[in-house]
Structure formats: structure tokens, C-alpha cells
Amino acid sequence: MGASRQQLFYRFSSQQWDGFLKGIEKEGLRVDQNGFIAQTPHPAGLGSALTNPRITTDYSESLLELITPVCRSTAELLTSLRDIHRYVQSHLGEELFWPASMPCRLDGDASIPIARYGSSNIGKLKYVYRKGLAVRYGRMMQSIAGAHYNLSLPDSFWRLWQEALEDGQSLQDFKSEQYFWLIRNFRRRSWLLMLLFGASPALDASFVKEMPHDLAQLKPGTWHSTAATSLRMGDLGYHNNAQAALNICFNELTTYTHTLARAIHTPWPPYEAIGTRRDGEFIQINTNILQIENEYYSAVRPKRTAEREEKPIQALEARGVEYVEIRCLDLDPFSPIGVTETQVDFLDLFLLDCLICDSAVISDAECNLLDRNYKDVINRGREAELELFLDNRLTPVKTAADQLLERLRPLAEQLDGFNDGKRYQRALAAQQAKLDDPSHVTSARVIGAMSESEQGHLEWTLGMARRHQQELRSDYLDDQARVEFEAMAEQSVIDQKAMEAGDTLTFEEFLANYLES
């Protein structure tokens, strides 16, 4: 019998290990001093949201998105993310950066301004896509924020890993195959991340003002779920009926791109009834289940950097998977930058183990069980009696989580051995401490902090926003970094104007070409 994947990894990595490549995209709302969503345009000092590589907007003009470069270490990554935060804070004036995933005080859809990206065809496409999200799902859902964690491994690793597995494919095909190997195991285990890092168990009453729900009142003006870990990832957050019928297959690249492409080209009667124009203006890109790939909400995505005007599916099919994007992470409201060092280190450990463990193709029956586990932890993760389906039997969630952490221990020791350190063992111990004392999981800490302060979601989160702002503004950005951010902002404005001047097609012609490609 041959060596297992774990044994193969331990063998070759002891000779050469070049670490991880990682990045973060972190969202957050701009709010006024009273905790109401900002109605002001994107701050001019941050440059163009269309072309600035570090600072853009997500759905709303008020929903900032901060993007780190690709980094080789956790320290480099967090320094980069903190620097972007410090630069942003210097341009917010009296406004604050909301540190929670569930939004601030809202006043219905009309209070959430859709992001604008100028008059170029690309900018208009982004705006029309967001208008489409509004008519399909409403704007409230689009005001939710999160952090996306991007991970890849260098080609030096992939070459050795391919040699160890005695694989004869092209390197790129091998990488794509292995990233989907990781993704399959991620889908089996992603419930653990919701248990450990879910941080949105409560919300402001304005979010559900016109919405039926079964939440309980924590404080006047604040609703919560007594055992939920992440309202953001539950039925009140990122979901929709049209996508519920999709069967996007994560088993391999071809099945993923084919099933996703089918959704982009399949008409959906309720969207057809809406149409693509209203009063002569475009209100959605098309009337299909998905306007574009980005509309599909999933906890994980295989990604490839796309060229200008290239669709994500086209990039994946042409050049294969470049990295995986983990999309299920709530913002940690206790952190000024939304994530923590031990969290990032644990994610690296967790994802690497997903790669080097056996990972059979997921059947439809298993897929349904995985979805059930994930939803149960989102909705009831802090119930001591909760049981998950693992290996065709029910297992208490605490037992299941303990077993997963225990299987990570040898890998943590192996990675730490490369640097004579304790980084990954510390990250693992930090998560074990949460399991040993459930009051330490992030969702429980949020509820505990609100209860202890006798404040609701709005007041408590607003207080955290002020505390983070004070910390970041007193922690001055060095002159070189500030000059670099200013140069990026100025160049982004120049780039946007060049894009606008370079368009030769009307938007109608551009959109027709885009939909045909």
C-alpha cells in the first residue's frame, strides 16, 4: 500500500517549504456619528473606486472594500491591511468605519446608495449589475459586509507536490485539480469556520423592519438568535430563491464552469417579468438566473485573475485556477481591521489540511448533508445539543470540532518545525480554547459584550467603531506608505478618465458584445 497524501506531504515539505501566498478583501460600511449609513459619495481622497487596486466599493457607495496585495506571511498581510485602514481613516472626516458584518441603522432600500463608477462602459456595467441586484433581492441584503480570504501556494510547492503524487498532467491542470480537491474538503468542513469565527448573532431592528423573522429581542432595537453564529450567512443574509434551485458542482473545474455558465444563460421567469429596462434605463444586465458569475453566493470560489473585460469563467477555462477565495468569514468586530493573526494562521493550517487529505468526489446525497451541517451551525451552532451528520452518523458538534482540531495538530507541528516556532500551534490552541469554553467563540463574545455593556447592536458597534478609529488614527501611517497611497489614488483617477475617453461603443453595443462573449 502506497503512502498517504499526508505522509507524502510530510516527506517532501521537510526538504523544501516556501509557505503560503495570501490576501484579504475586507468590506465595511461608512456611517455617520449616529450610526446611520453614510449618504455621502466615495471620499475623493481615496481615488477612483473603479481603478484603485487597494480601495474600492462593493455594492453600495457607502460600502468600502479594502484589498491587500498578495503577501507571503501573516505579518506582512496584516501590516498591509492595517496600513490601508489607516489611510482610509485619514479620509473619513467625521464618518466612522462600521466594524460589524450586519449593518448599521438603515431606513429601507432608499437609504442604501448604489455604488457608482463613472461613465465608462465598464463603470456603467458595474452600476447596472448592482441595480439588477436591487430589483431581484432588494438593497438591504447588499448592505451586509464580510472578509474574503484568498490563498494559493507557490509553483515551487506545486512542482514538488506533483512529483510526489507521480502526476503527469500539465502543471496548470494539476493545480486546478488539486485546488478543487481542497474545495471539496472545505465544503465538508466549512461548518467549523462558522462555529469558530461566526460573529453576527445580532442585528439592528431597522434591518428587519419590513421582513418576517423568528428572532428574539436582546435589547430594544436589537434582535438576535439565541444560538446562531452568523445571521449574515443565514436566511436573513446572503440567499435568494432563484439560486436555491442551482446545482453548482464543485467536484472539478469543468463541472464547476459548465454548471455556472448554465445558470448565467438560463432564463428565470420572475426576472423576465421585470425586464431589463424601466423608463428607458437599464435596470439589470439580463433576465437569467444569474446576471454574471459574481451573483452566485457561495462560501468558497475557485478564482483566476481576469484580464480587462474578461469574464471570470473565461479566465478559469483559459488559464485554470490560480487561488481559492474563502467568502464565509464575518468581520471580527473586536479587531480594528476585521481579522486577527491567529485567525489567519488557522485558516492557512485548515486549508492546507483540506488539500493534503483524501477528498472523494461529492455525491448529491453528501452535498445535501454538507449543506445541512453548514446551515445548522450557522443557525444553531451554540446549542450544546446540536448534532452534525459525519460519516453517515450523527455526532455532537463539540465532538466533531474537537476531532477536526486534533487531526490538525501534527500538521501544525510540522509547519512550525520549518521555522523553529509555535505560530500554528498557538493558532490551534486559540481555537481549542473556544471549544473548551463556548463563551469564547466570537458570536458568544459579541452577545456577551452587548449584554455586559447593556447596549444594543447599534450602540455597542458604534462604540467599537469609535474605539477602532481612535486607535488607527493615533497609529500614524509612515510617510512612504502615505505617499504611495496618495499616488495610487491620483493614478486611479487618471486611469478612470482614460477608460472613459477610450470607449468607442455605446453602452447598448458594449452590453450586447459582453452578453454574446
# chains A, B, ... in the order shown; residues from 1 in each chain; ligands from 1
>>> residues_around(residues="A:Gln39", least_positions_apart="3", cutoff="8 Å", atoms="only C-alpha atoms", output="list in words")
Ser62, Ser111, Ile112 and Pro113 of chain A
>>> write_last_selection(atoms="N, CA and C atoms", output="short mmCIF file (atom, residue, chain, number, x, y, z; two decimals), in the first residue's frame")
data_model
loop_
_atom_site.label_atom_id
_atom_site.label_comp_id
_atom_site.auth_asym_id
_atom_site.auth_seq_id
_atom_site.Cartn_x
_atom_site.Cartn_y
_atom_site.Cartn_z
N SER A 62 -21.51 53.47 -0.04
CA SER A 62 -21.08 53.56 1.36
C SER A 62 -20.34 52.33 1.84
N SER A 111 -32.29 54.14 1.49
CA SER A 111 -31.19 54.71 2.29
C SER A 111 -29.84 54.12 1.90
N ILE A 112 -29.84 53.13 1.01
CA ILE A 112 -28.59 52.45 0.64
C ILE A 112 -28.21 52.86 -0.79
N PRO A 113 -27.31 53.84 -0.93
CA PRO A 113 -26.96 54.32 -2.27
C PRO A 113 -26.14 53.29 -3.05
#
>>> residues_around(residues="A:Leu472", least_positions_apart="2", cutoff="10 Å", atoms="only C-alpha atoms", output="list in words")
Arg82, Asp83, His85, Arg86, Tyr87, Val88, Gln89, Ser90, Pro336, Ile337, Arg466, Arg467, His468, Gln469, Gln470, Ser474, Asp475, Tyr476 and Leu477 of chain A
>>> atom_distance(atom1="atom CA of A:Gln33", atom2="atom CA of A:Leu133")
28.3 Å
>>> atom_distance(atom1="atom CA of A:Leu125", atom2="atom CA of A:Ser101")
26.3 Å
>>> residues_around(residues="A:His148", least_positions_apart="2", cutoff="9 Å", atoms="only C-alpha atoms", output="list in words")
Gly23, Ile24, Glu25, Lys26, Glu27, Gly146, Asn150, Glu325, Ile326, Arg327, Cys328, Leu329 and Asp330 of chain A
>>> write_last_selection(atoms="N, CA and C atoms", output="CSV table (one decimal), in the first residue's frame")
chain,number,residue,atom,x,y,z
A,23,GLY,N,-4.0,36.8,0.6
A,23,GLY,CA,-4.5,38.2,0.5
A,23,GLY,C,-5.9,38.3,1.2
A,24,ILE,N,-6.3,39.5,1.5
A,24,ILE,CA,-7.7,39.7,2.1
A,24,ILE,C,-8.4,40.9,1.4
A,25,GLU,N,-9.7,40.7,1.2
A,25,GLU,CA,-10.6,41.7,0.7
A,25,GLU,C,-11.6,41.9,1.9
A,26,LYS,N,-11.5,43.1,2.4
A,26,LYS,CA,-12.3,43.4,3.6
A,26,LYS,C,-13.3,44.5,3.4
A,27,GLU,N,-14.6,44.3,3.6
A,27,GLU,CA,-15.6,45.2,3.4
A,27,GLU,C,-16.0,45.9,4.7
A,146,GLY,N,-18.4,41.5,4.9
A,146,GLY,CA,-17.6,40.4,5.3
A,146,GLY,C,-16.2,40.5,4.9
A,150,ASN,N,-8.1,35.0,0.5
A,150,ASN,CA,-7.5,34.4,-0.7
A,150,ASN,C,-6.2,33.7,-0.4
A,325,GLU,N,-10.8,31.5,-2.9
A,325,GLU,CA,-11.4,32.6,-2.2
A,325,GLU,C,-12.4,32.1,-1.2
A,326,ILE,N,-12.1,32.3,0.1
A,326,ILE,CA,-13.0,31.9,1.2
A,326,ILE,C,-13.8,33.1,1.6
A,327,ARG,N,-15.2,32.9,1.4
A,327,ARG,CA,-16.1,34.0,1.4
A,327,ARG,C,-17.0,34.0,2.6
A,328,CYS,N,-16.9,33.1,3.5
A,328,CYS,CA,-17.9,32.9,4.6
A,328,CYS,C,-17.5,33.6,5.9
A,329,LEU,N,-16.4,34.4,5.9
A,329,LEU,CA,-15.9,35.0,7.1
A,329,LEU,C,-16.6,36.3,7.5
A,330,ASP,N,-17.2,36.3,8.7
A,330,ASP,CA,-17.8,37.5,9.2
A,330,ASP,C,-16.6,38.4,9.7
>>> residues_around(residues="A:Ala429", least_positions_apart="3", cutoff="12 Å", atoms="only C-alpha atoms", output="MDAnalysis selection string")
chainID A and resid 342:343 345:346 402 405:406 408:409 412:413 422:426 432:436
>>> write_last_selection(atoms="N, CA and C atoms", output="PDB file, in the first residue's frame")
ATOM      1  N   THR A 342      -4.215  35.045  14.759  1.00  0.00           N
ATOM      2  CA  THR A 342      -4.439  33.614  14.963  1.00  0.00           C
ATOM      3  C   THR A 342      -5.494  33.082  13.995  1.00  0.00           C
ATOM      4  N   GLN A 343      -6.435  33.920  13.612  1.00  0.00           N
ATOM      5  CA  GLN A 343      -7.447  33.502  12.642  1.00  0.00           C
ATOM      6  C   GLN A 343      -6.811  33.208  11.285  1.00  0.00           C
ATOM      7  N   ASP A 345      -3.647  32.500  10.617  1.00  0.00           N
ATOM      8  CA  ASP A 345      -2.786  31.323  10.724  1.00  0.00           C
ATOM      9  C   ASP A 345      -3.608  30.043  10.756  1.00  0.00           C
ATOM     10  N   PHE A 346      -4.727  30.079  11.454  1.00  0.00           N
ATOM     11  CA  PHE A 346      -5.575  28.888  11.491  1.00  0.00           C
ATOM     12  C   PHE A 346      -6.151  28.592  10.115  1.00  0.00           C
ATOM     13  N   ASP A 402     -13.766  19.018  18.017  1.00  0.00           N
ATOM     14  CA  ASP A 402     -12.554  18.535  18.702  1.00  0.00           C
ATOM     15  C   ASP A 402     -11.763  17.581  17.806  1.00  0.00           C
ATOM     16  N   LEU A 405      -9.908  19.535  15.059  1.00  0.00           N
ATOM     17  CA  LEU A 405      -8.724  20.244  15.571  1.00  0.00           C
ATOM     18  C   LEU A 405      -7.607  19.257  15.909  1.00  0.00           C
ATOM     19  N   GLU A 406      -7.962  18.122  16.435  1.00  0.00           N
ATOM     20  CA  GLU A 406      -6.947  17.136  16.793  1.00  0.00           C
ATOM     21  C   GLU A 406      -6.211  16.634  15.549  1.00  0.00           C
ATOM     22  N   LEU A 408      -5.500  18.317  13.042  1.00  0.00           N
ATOM     23  CA  LEU A 408      -4.623  19.387  12.564  1.00  0.00           C
ATOM     24  C   LEU A 408      -3.325  19.496  13.363  1.00  0.00           C
ATOM     25  N   ARG A 409      -3.274  18.840  14.517  1.00  0.00           N
ATOM     26  CA  ARG A 409      -2.125  19.018  15.407  1.00  0.00           C
ATOM     27  C   ARG A 409      -0.789  18.598  14.784  1.00  0.00           C
ATOM     28  N   ALA A 412       0.282  21.216  12.266  1.00  0.00           N
ATOM     29  CA  ALA A 412       0.739  22.452  12.916  1.00  0.00           C
ATOM     30  C   ALA A 412       2.170  22.294  13.412  1.00  0.00           C
ATOM     31  N   GLU A 413       2.474  21.142  13.997  1.00  0.00           N
ATOM     32  CA  GLU A 413       3.834  20.896  14.487  1.00  0.00           C
ATOM     33  C   GLU A 413       4.820  20.834  13.322  1.00  0.00           C
ATOM     34  N   LYS A 422       6.172  28.498  17.022  1.00  0.00           N
ATOM     35  CA  LYS A 422       4.950  27.916  17.584  1.00  0.00           C
ATOM     36  C   LYS A 422       3.704  28.565  16.977  1.00  0.00           C
ATOM     37  N   ARG A 423       3.871  29.264  15.849  1.00  0.00           N
ATOM     38  CA  ARG A 423       2.787  30.052  15.268  1.00  0.00           C
ATOM     39  C   ARG A 423       1.512  29.223  15.061  1.00  0.00           C
ATOM     40  N   TYR A 424       1.620  28.083  14.398  1.00  0.00           N
ATOM     41  CA  TYR A 424       0.430  27.310  14.050  1.00  0.00           C
ATOM     42  C   TYR A 424      -0.114  26.550  15.246  1.00  0.00           C
ATOM     43  N   GLN A 425       0.758  26.150  16.156  1.00  0.00           N
ATOM     44  CA  GLN A 425       0.272  25.512  17.379  1.00  0.00           C
ATOM     45  C   GLN A 425      -0.464  26.519  18.256  1.00  0.00           C
ATOM     46  N   ARG A 426       0.002  27.773  18.267  1.00  0.00           N
ATOM     47  CA  ARG A 426      -0.720  28.823  19.008  1.00  0.00           C
ATOM     48  C   ARG A 426      -2.097  29.069  18.383  1.00  0.00           C
ATOM     49  N   GLN A 432      -8.964  25.810  20.095  1.00  0.00           N
ATOM     50  CA  GLN A 432      -9.347  24.795  21.066  1.00  0.00           C
ATOM     51  C   GLN A 432      -9.923  25.434  22.315  1.00  0.00           C
ATOM     52  N   ALA A 433      -9.374  26.586  22.695  1.00  0.00           N
ATOM     53  CA  ALA A 433      -9.875  27.294  23.876  1.00  0.00           C
ATOM     54  C   ALA A 433     -11.336  27.709  23.684  1.00  0.00           C
ATOM     55  N   LYS A 434     -11.717  28.024  22.455  1.00  0.00           N
ATOM     56  CA  LYS A 434     -13.114  28.373  22.182  1.00  0.00           C
ATOM     57  C   LYS A 434     -14.024  27.165  22.372  1.00  0.00           C
ATOM     58  N   LEU A 435     -13.546  26.011  21.936  1.00  0.00           N
ATOM     59  CA  LEU A 435     -14.359  24.810  22.089  1.00  0.00           C
ATOM     60  C   LEU A 435     -14.468  24.397  23.550  1.00  0.00           C
ATOM     61  N   ASP A 436     -13.393  24.592  24.295  1.00  0.00           N
ATOM     62  CA  ASP A 436     -13.388  24.209  25.710  1.00  0.00           C
ATOM     63  C   ASP A 436     -14.260  25.129  26.556  1.00  0.00           C
TER      64      ASP A 436
END
>>> residues_around(residues="stretch 204-211 of chain A", least_positions_apart="5", cutoff="6 Å", atoms="only C-alpha atoms", output="PyMOL selection string")
chain A and resi 106+221-222+457
>>> residues_around(residues="A:Ile356", least_positions_apart="3", cutoff="7 Å", atoms="only C-alpha atoms", output="PDB file with N, CA and C atoms, in the first residue's frame")
ATOM      1  N   ARG A   5      -1.497  10.786   1.302  1.00  0.00           N
ATOM      2  CA  ARG A   5      -1.165  12.156   0.882  1.00  0.00           C
ATOM      3  C   ARG A   5      -0.468  12.914   2.010  1.00  0.00           C
ATOM      4  N   GLN A   6      -0.941  12.725   3.240  1.00  0.00           N
ATOM      5  CA  GLN A   6      -0.297  13.416   4.365  1.00  0.00           C
ATOM      6  C   GLN A   6       1.166  12.987   4.504  1.00  0.00           C
ATOM      7  N   PHE A   9       3.241  14.565   1.861  1.00  0.00           N
ATOM      8  CA  PHE A   9       3.492  15.977   2.151  1.00  0.00           C
ATOM      9  C   PHE A   9       4.585  16.118   3.216  1.00  0.00           C
ATOM     10  N   LEU A 352      -4.645  24.057   4.171  1.00  0.00           N
ATOM     11  CA  LEU A 352      -3.607  23.124   3.740  1.00  0.00           C
ATOM     12  C   LEU A 352      -4.015  21.695   4.050  1.00  0.00           C
ATOM     13  N   ASP A 353      -4.617  21.484   5.209  1.00  0.00           N
ATOM     14  CA  ASP A 353      -5.065  20.134   5.550  1.00  0.00           C
ATOM     15  C   ASP A 353      -6.167  19.667   4.608  1.00  0.00           C
TER      16      ASP A 353
END
>>> select_by_dssp(residues="stretch 311-461 of chain A", states="strand (DSSP E or B)", output="VMD selection string")
chain A and resid 323 to 329 387 to 390 393 to 396
>>> write_last_selection(atoms="N, CA and C atoms", output="compact mmCIF listing (two decimals), in the first residue's frame")
# COMPACT_ATOMS: atom_id res chain seq x y z
N TYR A 323 -6.13 30.63 -7.39
CA TYR A 323 -6.21 30.65 -5.92
C TYR A 323 -7.64 30.33 -5.51
N VAL A 324 -7.85 30.10 -4.22
CA VAL A 324 -9.20 29.90 -3.70
C VAL A 324 -9.56 31.11 -2.85
N GLU A 325 -10.84 31.47 -2.93
CA GLU A 325 -11.37 32.61 -2.17
C GLU A 325 -12.36 32.08 -1.16
N ILE A 326 -12.08 32.30 0.12
CA ILE A 326 -12.96 31.88 1.21
C ILE A 326 -13.84 33.08 1.56
N ARG A 327 -15.16 32.91 1.40
CA ARG A 327 -16.08 34.04 1.42
C ARG A 327 -17.02 34.04 2.63
N CYS A 328 -16.89 33.10 3.53
CA CYS A 328 -17.87 32.94 4.60
C CYS A 328 -17.48 33.63 5.90
N LEU A 329 -16.43 34.43 5.88
CA LEU A 329 -15.92 35.00 7.14
C LEU A 329 -16.64 36.29 7.51
N GLU A 387 -26.25 18.25 16.76
CA GLU A 387 -25.52 17.13 16.18
C GLU A 387 -25.40 17.32 14.68
N LEU A 388 -24.25 16.92 14.13
CA LEU A 388 -23.99 17.01 12.70
C LEU A 388 -23.90 15.63 12.08
N PHE A 389 -24.20 15.54 10.79
CA PHE A 389 -24.05 14.29 10.06
C PHE A 389 -22.61 14.17 9.58
N LEU A 390 -21.87 13.22 10.14
CA LEU A 390 -20.50 12.95 9.72
C LEU A 390 -20.33 11.45 9.55
N ARG A 393 -23.36 9.27 10.28
CA ARG A 393 -23.95 9.15 11.62
C ARG A 393 -23.94 10.52 12.30
N LEU A 394 -24.84 10.67 13.24
CA LEU A 394 -24.94 11.93 13.97
C LEU A 394 -23.85 12.02 15.03
N THR A 395 -23.18 13.18 15.06
CA THR A 395 -22.09 13.41 16.01
C THR A 395 -22.30 14.76 16.69
N PRO A 396 -22.18 14.85 18.01
CA PRO A 396 -22.30 16.15 18.68
C PRO A 396 -21.31 17.15 18.09
>>> closest_residue(among="A:Thr305, A:Asn34, A:Asn419, A:Ser225", to="A:Leu96", atoms="only C-alpha atoms")
A:Asn34
>>> closest_residue(among="A:Ala360, A:Ala489, A:Val339, A:Ile114", to="A:Arg54", atoms="only C-alpha atoms")
A:Ala489
>>> select_by_dssp(residues="stretch 213-266 of chain A", states="helix (DSSP H, G or I)", output="list in words")
Asn241, Ala242, Gln243, Ala244, Leu253, Thr254, Thr255, Tyr256, Thr257, His258, Thr259, Leu260, Ala261, Arg262, Ala263 and Ile264 of chain A
>>> closest_residue(among="A:Ile183, A:Ala401, A:Leu462, A:Asn373", to="A:Arg30", atoms="only C-alpha atoms")
A:Leu462
>>> atom_distance(atom1="atom CA of A:Glu490", atom2="atom CA of A:Tyr127")
22.2 Å
>>> decode(residues="stretch 4-67 of chain A", atoms="C-alpha atoms", output="PDB file, in the first residue's frame")
ATOM      1  CA  SER A   4      -0.987   8.575   2.118  1.00  0.00           C
ATOM      2  CA  ARG A   5      -1.165  12.156   0.882  1.00  0.00           C
ATOM      3  CA  GLN A   6      -0.297  13.416   4.365  1.00  0.00           C
ATOM      4  CA  GLN A   7       2.779  11.189   4.513  1.00  0.00           C
ATOM      5  CA  LEU A   8       3.883  12.368   1.069  1.00  0.00           C
ATOM      6  CA  PHE A   9       3.492  15.977   2.151  1.00  0.00           C
ATOM      7  CA  TYR A  10       5.485  15.456   5.341  1.00  0.00           C
ATOM      8  CA  ARG A  11       8.275  13.823   3.344  1.00  0.00           C
ATOM      9  CA  PHE A  12       8.894  16.376   0.622  1.00  0.00           C
ATOM     10  CA  SER A  13       7.991  19.509   2.603  1.00  0.00           C
ATOM     11  CA  SER A  14      10.683  18.751   5.175  1.00  0.00           C
ATOM     12  CA  GLN A  15      13.216  19.367   2.392  1.00  0.00           C
ATOM     13  CA  GLN A  16      11.540  22.466   0.904  1.00  0.00           C
ATOM     14  CA  TRP A  17       8.633  24.553   2.115  1.00  0.00           C
ATOM     15  CA  ASP A  18       8.082  28.030   0.640  1.00  0.00           C
ATOM     16  CA  GLY A  19       4.962  28.893   2.620  1.00  0.00           C
ATOM     17  CA  PHE A  20       1.664  30.399   1.527  1.00  0.00           C
ATOM     18  CA  LEU A  21       0.570  33.261  -0.706  1.00  0.00           C
ATOM     19  CA  LYS A  22      -2.351  35.124   0.817  1.00  0.00           C
ATOM     20  CA  GLY A  23      -4.541  38.192   0.531  1.00  0.00           C
ATOM     21  CA  ILE A  24      -7.657  39.730   2.094  1.00  0.00           C
ATOM     22  CA  GLU A  25     -10.598  41.713   0.730  1.00  0.00           C
ATOM     23  CA  LYS A  26     -12.322  43.406   3.647  1.00  0.00           C
ATOM     24  CA  GLU A  27     -15.644  45.234   3.394  1.00  0.00           C
ATOM     25  CA  GLY A  28     -17.176  47.771   5.754  1.00  0.00           C
ATOM     26  CA  LEU A  29     -19.826  50.485   5.750  1.00  0.00           C
ATOM     27  CA  ARG A  30     -19.162  54.175   6.190  1.00  0.00           C
ATOM     28  CA  VAL A  31     -21.562  55.564   8.815  1.00  0.00           C
ATOM     29  CA  ASP A  32     -22.323  58.941  10.355  1.00  0.00           C
ATOM     30  CA  GLN A  33     -21.809  59.801  14.008  1.00  0.00           C
ATOM     31  CA  ASN A  34     -25.264  58.456  14.869  1.00  0.00           C
ATOM     32  CA  GLY A  35     -24.620  55.090  13.271  1.00  0.00           C
ATOM     33  CA  PHE A  36     -26.728  55.733  10.162  1.00  0.00           C
ATOM     34  CA  ILE A  37     -25.438  54.620   6.774  1.00  0.00           C
ATOM     35  CA  ALA A  38     -23.438  57.403   5.108  1.00  0.00           C
ATOM     36  CA  GLN A  39     -25.190  59.244   2.282  1.00  0.00           C
ATOM     37  CA  THR A  40     -22.020  60.938   1.037  1.00  0.00           C
ATOM     38  CA  PRO A  41     -20.121  59.961  -2.130  1.00  0.00           C
ATOM     39  CA  HIS A  42     -16.967  57.855  -2.064  1.00  0.00           C
ATOM     40  CA  PRO A  43     -14.286  60.088  -0.446  1.00  0.00           C
ATOM     41  CA  ALA A  44     -12.287  61.887  -3.152  1.00  0.00           C
ATOM     42  CA  GLY A  45      -9.005  61.265  -1.325  1.00  0.00           C
ATOM     43  CA  LEU A  46      -9.437  57.513  -1.830  1.00  0.00           C
ATOM     44  CA  GLY A  47      -9.313  57.912  -5.609  1.00  0.00           C
ATOM     45  CA  SER A  48     -11.469  56.094  -8.140  1.00  0.00           C
ATOM     46  CA  ALA A  49     -13.430  53.120  -6.837  1.00  0.00           C
ATOM     47  CA  LEU A  50     -13.266  51.689 -10.363  1.00  0.00           C
ATOM     48  CA  THR A  51      -9.481  51.592 -10.739  1.00  0.00           C
ATOM     49  CA  ASN A  52      -7.791  51.935  -7.326  1.00  0.00           C
ATOM     50  CA  PRO A  53      -6.222  48.492  -6.676  1.00  0.00           C
ATOM     51  CA  ARG A  54      -6.366  48.865  -2.878  1.00  0.00           C
ATOM     52  CA  ILE A  55      -9.578  50.766  -2.089  1.00  0.00           C
ATOM     53  CA  THR A  56     -12.869  50.296  -3.906  1.00  0.00           C
ATOM     54  CA  THR A  57     -16.564  49.874  -3.099  1.00  0.00           C
ATOM     55  CA  ASP A  58     -18.706  46.760  -3.070  1.00  0.00           C
ATOM     56  CA  TYR A  59     -22.470  47.052  -3.592  1.00  0.00           C
ATOM     57  CA  SER A  60     -23.073  50.465  -2.093  1.00  0.00           C
ATOM     58  CA  GLU A  61     -21.325  53.800  -2.434  1.00  0.00           C
ATOM     59  CA  SER A  62     -21.083  53.560   1.364  1.00  0.00           C
ATOM     60  CA  LEU A  63     -19.686  50.020   1.430  1.00  0.00           C
ATOM     61  CA  LEU A  64     -15.903  50.263   1.223  1.00  0.00           C
ATOM     62  CA  GLU A  65     -13.777  47.306   0.157  1.00  0.00           C
ATOM     63  CA  LEU A  66     -10.100  47.246   1.118  1.00  0.00           C
ATOM     64  CA  ILE A  67      -7.829  44.913  -0.870  1.00  0.00           C
TER      65      ILE A  67
END
